[in-house]
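Asks: Please read through the structure below; I'll follow up with questions.
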Amino acid sequence: MTNEAWAVLVEEEGKVHVVEMTSGSRKIKGLGVFDPMELIAPVGIGQQVAIGQKLLTRVPTRLPELNKGMLRRAQTVSSKDAGWFVAKLGIGPGDNVLEAGIGSAGLSLHIARVLGNSGTHVTVEPRAEHADIGLENLRRAKECWLEFPSHHHIEGTVETVGDQLQTYCDEFDAIVLDLPDHPPAIRAVASTLTYGGRIACYCPVTQQLEHAWEACEEAGLKVEWAGELMERQWGRASKGGMRPVNGPFGHTAFLLIAQRC
């Protein structure tokens, strides 16, 4: 028996379903109509349950599973890029992090996971239809994990909500910008970085990367790294050995890290 607010179920081919554990029969997208408490609650971690024609395994509600089963609307920062951001920003428990452009909260989940109870995570998003999805994904994570940062969300653009930001944090240890136009945001928030703090920019095209680089330098920040990360999956060959898996070897975005020093 488990006592979690959410359950993660994985199909045999790997598709992930995140189900809220509330009483009452209702339609669960992709699975059908049933009462989660009646059907899933007795199923332990690692055990299987049949729902309709599908055989699913219940697994822990860890970051990779919540990420795969998250609700989506806006383009999501991939785990490849999100993990690199977390590492290069150097964030951890007790830090204050500002994230402008929450989207569906793909990156937000990674940030929340590393900050723990002692961290503060402030998100800013002007598009309510995107923020609603992202905030729901964060709510799931908060109810699943033992530790979760103090989270505050502000509706608007980061250039126009300076007074609201200061009600939560005077300064930030890290800032992440996933925006269509980075320079105005960089000019608005660069001064709120702590000494040694870093800013990260997520730029889908080269022109955005160049403009972000220029804006960081104009704001007195030192660009530490800019470029893209490539990911190539390997698998077992039919005649033995390993080889690259056939499939897309595509571009996600250009990334930039700059430091206040």
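Residue names in the structure tokens use chain letters A, B, ... in the order shown, residue numbers from 1 in each chain, and ligand numbers from 1 in the order shown.
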As a PyMOL selection string, please: the residues near A:Lys68 (cut-off 9 Å, only C-alpha atoms, same-chain neighbours under 6 positions excluded).
Replies: chain A and resi 15-17
Asks: Show me, as JSON lines, the residues of stretch 49-82 of chain A having an atom within 12 Å of stretch 142-146 of chain A, each with the closest atom pair and its distance in Å, using only C-alpha atoms.
Replies:
```
{"residue": "A:Pro60", "atom": "CA", "partner": "A:Cys144", "partner_atom": "CA", "distance": 9.2}
{"residue": "A:Thr61", "atom": "CA", "partner": "A:Cys144", "partner_atom": "CA", "distance": 6.3}
{"residue": "A:Arg62", "atom": "CA", "partner": "A:Trp145", "partner_atom": "CA", "distance": 7.8}
{"residue": "A:Leu63", "atom": "CA", "partner": "A:Trp145", "partner_atom": "CA", "distance": 9.2}
{"residue": "A:Glu65", "atom": "CA", "partner": "A:Cys144", "partner_atom": "CA", "distance": 11.3}
{"residue": "A:Leu66", "atom": "CA", "partner": "A:Cys144", "partner_atom": "CA", "distance": 9.3}
```
Asks: Can you write just those residues out, C-alpha atoms, as a short mmCIF file (atom, residue, chain, number, x, y, z; two decimals), in the first residue's frame?
Replies:
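Generated file (result.cif):
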```
data_model
loop_
_atom_site.label_atom_id
_atom_site.label_comp_id
_atom_site.auth_asym_id
_atom_site.auth_seq_id
_atom_site.Cartn_x
_atom_site.Cartn_y
_atom_site.Cartn_z
CA PRO A 60 7.94 6.04 -7.87
CA THR A 61 7.01 9.68 -8.56
CA ARG A 62 10.54 10.81 -9.33
CA LEU A 63 11.60 13.67 -11.59
CA GLU A 65 8.59 10.09 -14.49
CA LEU A 66 6.83 13.37 -13.68
#
```
Asks: Pick out the residues sitting within 12 Å of A:Glu129, and hand them over as a PyMOL selection string; count only C-alpha atoms, and ignore anything fewer than 3 positions along from it in its own chain.
Replies: chain A and resi 72-74+102-104+125-126+132-136+155
Asks: Only N, CA and C atoms, please: the residues just picked out, written as a PDB file, in the first residue's frame.
Replies:
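Result written to part-v4.pdb:
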```pdb
ATOM      1  N   ARG A  72       1.393  19.305 -21.189  1.00  0.00           N
ATOM      2  CA  ARG A  72       2.187  20.129 -22.101  1.00  0.00           C
ATOM      3  C   ARG A  72       1.295  21.060 -22.914  1.00  0.00           C
ATOM      4  N   ARG A  73       1.803  22.263 -23.100  1.00  0.00           N
ATOM      5  CA  ARG A  73       1.180  23.232 -23.997  1.00  0.00           C
ATOM      6  C   ARG A  73       2.271  23.968 -24.766  1.00  0.00           C
ATOM      7  N   ALA A  74       3.099  24.732 -24.040  1.00  0.00           N
ATOM      8  CA  ALA A  74       4.218  25.422 -24.673  1.00  0.00           C
ATOM      9  C   ALA A  74       5.362  24.445 -24.916  1.00  0.00           C
ATOM     10  N   ILE A 102       7.965  30.448 -17.805  1.00  0.00           N
ATOM     11  CA  ILE A 102       7.771  29.120 -17.195  1.00  0.00           C
ATOM     12  C   ILE A 102       7.254  28.100 -18.198  1.00  0.00           C
ATOM     13  N   GLY A 103       6.471  28.537 -19.193  1.00  0.00           N
ATOM     14  CA  GLY A 103       5.934  27.589 -20.170  1.00  0.00           C
ATOM     15  C   GLY A 103       5.194  26.457 -19.494  1.00  0.00           C
ATOM     16  N   SER A 104       5.520  25.216 -19.875  1.00  0.00           N
ATOM     17  CA  SER A 104       4.878  24.050 -19.270  1.00  0.00           C
ATOM     18  C   SER A 104       5.615  23.544 -18.033  1.00  0.00           C
ATOM     19  N   GLU A 125       5.552  34.731 -15.909  1.00  0.00           N
ATOM     20  CA  GLU A 125       5.027  34.303 -17.212  1.00  0.00           C
ATOM     21  C   GLU A 125       3.868  35.229 -17.599  1.00  0.00           C
ATOM     22  N   PRO A 126       3.915  35.858 -18.799  1.00  0.00           N
ATOM     23  CA  PRO A 126       2.830  36.752 -19.202  1.00  0.00           C
ATOM     24  C   PRO A 126       1.613  36.037 -19.779  1.00  0.00           C
ATOM     25  N   ASP A 132      -0.919  28.294 -16.553  1.00  0.00           N
ATOM     26  CA  ASP A 132      -1.857  27.368 -15.906  1.00  0.00           C
ATOM     27  C   ASP A 132      -1.358  25.927 -15.995  1.00  0.00           C
ATOM     28  N   ILE A 133      -0.816  25.559 -17.157  1.00  0.00           N
ATOM     29  CA  ILE A 133      -0.295  24.203 -17.348  1.00  0.00           C
ATOM     30  C   ILE A 133       0.960  24.004 -16.508  1.00  0.00           C
ATOM     31  N   GLY A 134       1.866  24.966 -16.571  1.00  0.00           N
ATOM     32  CA  GLY A 134       3.101  24.856 -15.807  1.00  0.00           C
ATOM     33  C   GLY A 134       2.869  24.787 -14.316  1.00  0.00           C
ATOM     34  N   LEU A 135       1.961  25.601 -13.811  1.00  0.00           N
ATOM     35  CA  LEU A 135       1.680  25.615 -12.375  1.00  0.00           C
ATOM     36  C   LEU A 135       1.026  24.307 -11.926  1.00  0.00           C
ATOM     37  N   GLU A 136       0.235  23.707 -12.793  1.00  0.00           N
ATOM     38  CA  GLU A 136      -0.361  22.413 -12.458  1.00  0.00           C
ATOM     39  C   GLU A 136       0.721  21.343 -12.349  1.00  0.00           C
ATOM     40  N   GLU A 155       2.301  36.976 -12.711  1.00  0.00           N
ATOM     41  CA  GLU A 155       1.840  37.087 -14.096  1.00  0.00           C
ATOM     42  C   GLU A 155       2.298  38.414 -14.668  1.00  0.00           C
TER      43      GLU A 155
END
```
Asks: Atom CA of A:Ile199 to atom CA of A:Asp81: how many Å, to one decimal?
Replies: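 Computing it gives 14.4 Å between the two atoms.
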Asks: Need the shell around stretch 219-224 of chain A: protein/DNA/RNA residues with any atom at most 10 Å away, counting only C-alpha atoms. Skip same-chain ones fewer than 5 positions apart. Format as a PyMOL selection string?
Replies: chain A and resi 88+183+186-191+193+196-200+212-214+256-261
Asks: Do you know which residues are at most 12 Å from A:Gly92 counting only C-alpha atoms, after dropping those on the same chain fewer than 6 positions away, and could you put them as a PDB file with N, CA and C atoms, in the first residue's frame?
Replies:
```
ATOM      1  N   VAL A  86      21.019  23.466 -14.624  1.00  0.00           N
ATOM      2  CA  VAL A  86      21.116  23.296 -13.179  1.00  0.00           C
ATOM      3  C   VAL A  86      22.575  23.152 -12.747  1.00  0.00           C
ATOM      4  N   HIS A 110      12.978  20.691 -12.698  1.00  0.00           N
ATOM      5  CA  HIS A 110      14.372  20.426 -12.358  1.00  0.00           C
ATOM      6  C   HIS A 110      14.870  21.410 -11.291  1.00  0.00           C
ATOM      7  N   ILE A 111      14.490  22.674 -11.438  1.00  0.00           N
ATOM      8  CA  ILE A 111      14.907  23.678 -10.460  1.00  0.00           C
ATOM      9  C   ILE A 111      14.318  23.367  -9.091  1.00  0.00           C
ATOM     10  N   ALA A 112      13.023  23.072  -9.050  1.00  0.00           N
ATOM     11  CA  ALA A 112      12.364  22.783  -7.781  1.00  0.00           C
ATOM     12  C   ALA A 112      12.976  21.571  -7.095  1.00  0.00           C
ATOM     13  N   ARG A 113      13.365  20.581  -7.891  1.00  0.00           N
ATOM     14  CA  ARG A 113      13.911  19.348  -7.318  1.00  0.00           C
ATOM     15  C   ARG A 113      15.218  19.593  -6.576  1.00  0.00           C
ATOM     16  N   VAL A 114      16.061  20.496  -7.073  1.00  0.00           N
ATOM     17  CA  VAL A 114      17.375  20.698  -6.446  1.00  0.00           C
ATOM     18  C   VAL A 114      17.356  21.753  -5.338  1.00  0.00           C
ATOM     19  N   LEU A 115      16.365  22.633  -5.310  1.00  0.00           N
ATOM     20  CA  LEU A 115      16.352  23.701  -4.302  1.00  0.00           C
ATOM     21  C   LEU A 115      15.954  23.202  -2.920  1.00  0.00           C
ATOM     22  N   GLY A 116      15.098  22.179  -2.852  1.00  0.00           N
ATOM     23  CA  GLY A 116      14.682  21.668  -1.550  1.00  0.00           C
ATOM     24  C   GLY A 116      13.824  22.661  -0.783  1.00  0.00           C
ATOM     25  N   ASN A 117      13.537  22.328   0.464  1.00  0.00           N
ATOM     26  CA  ASN A 117      12.646  23.164   1.275  1.00  0.00           C
ATOM     27  C   ASN A 117      13.202  24.555   1.561  1.00  0.00           C
ATOM     28  N   SER A 118      14.521  24.698   1.565  1.00  0.00           N
ATOM     29  CA  SER A 118      15.124  25.967   1.971  1.00  0.00           C
ATOM     30  C   SER A 118      15.306  26.950   0.824  1.00  0.00           C
ATOM     31  N   GLY A 119      15.029  26.533  -0.414  1.00  0.00           N
ATOM     32  CA  GLY A 119      15.201  27.423  -1.551  1.00  0.00           C
ATOM     33  C   GLY A 119      13.958  28.236  -1.851  1.00  0.00           C
ATOM     34  N   THR A 120      14.138  29.282  -2.674  1.00  0.00           N
ATOM     35  CA  THR A 120      13.025  30.112  -3.135  1.00  0.00           C
ATOM     36  C   THR A 120      13.039  30.149  -4.659  1.00  0.00           C
ATOM     37  N   HIS A 121      11.887  29.873  -5.247  1.00  0.00           N
ATOM     38  CA  HIS A 121      11.758  29.783  -6.701  1.00  0.00           C
ATOM     39  C   HIS A 121      10.650  30.746  -7.131  1.00  0.00           C
ATOM     40  N   PHE A 148      10.234  20.695  -1.229  1.00  0.00           N
ATOM     41  CA  PHE A 148       9.838  21.568  -2.331  1.00  0.00           C
ATOM     42  C   PHE A 148      10.110  23.003  -1.913  1.00  0.00           C
ATOM     43  N   PRO A 149      10.639  23.834  -2.811  1.00  0.00           N
ATOM     44  CA  PRO A 149      10.982  25.205  -2.423  1.00  0.00           C
ATOM     45  C   PRO A 149       9.761  26.084  -2.193  1.00  0.00           C
ATOM     46  N   ASP A 173      20.388  34.248  -6.720  1.00  0.00           N
ATOM     47  CA  ASP A 173      21.631  33.509  -6.957  1.00  0.00           C
ATOM     48  C   ASP A 173      21.721  33.021  -8.398  1.00  0.00           C
ATOM     49  N   ALA A 174      20.580  32.902  -9.055  1.00  0.00           N
ATOM     50  CA  ALA A 174      20.557  32.471 -10.457  1.00  0.00           C
ATOM     51  C   ALA A 174      19.279  32.978 -11.112  1.00  0.00           C
TER      52      ALA A 174
END
```
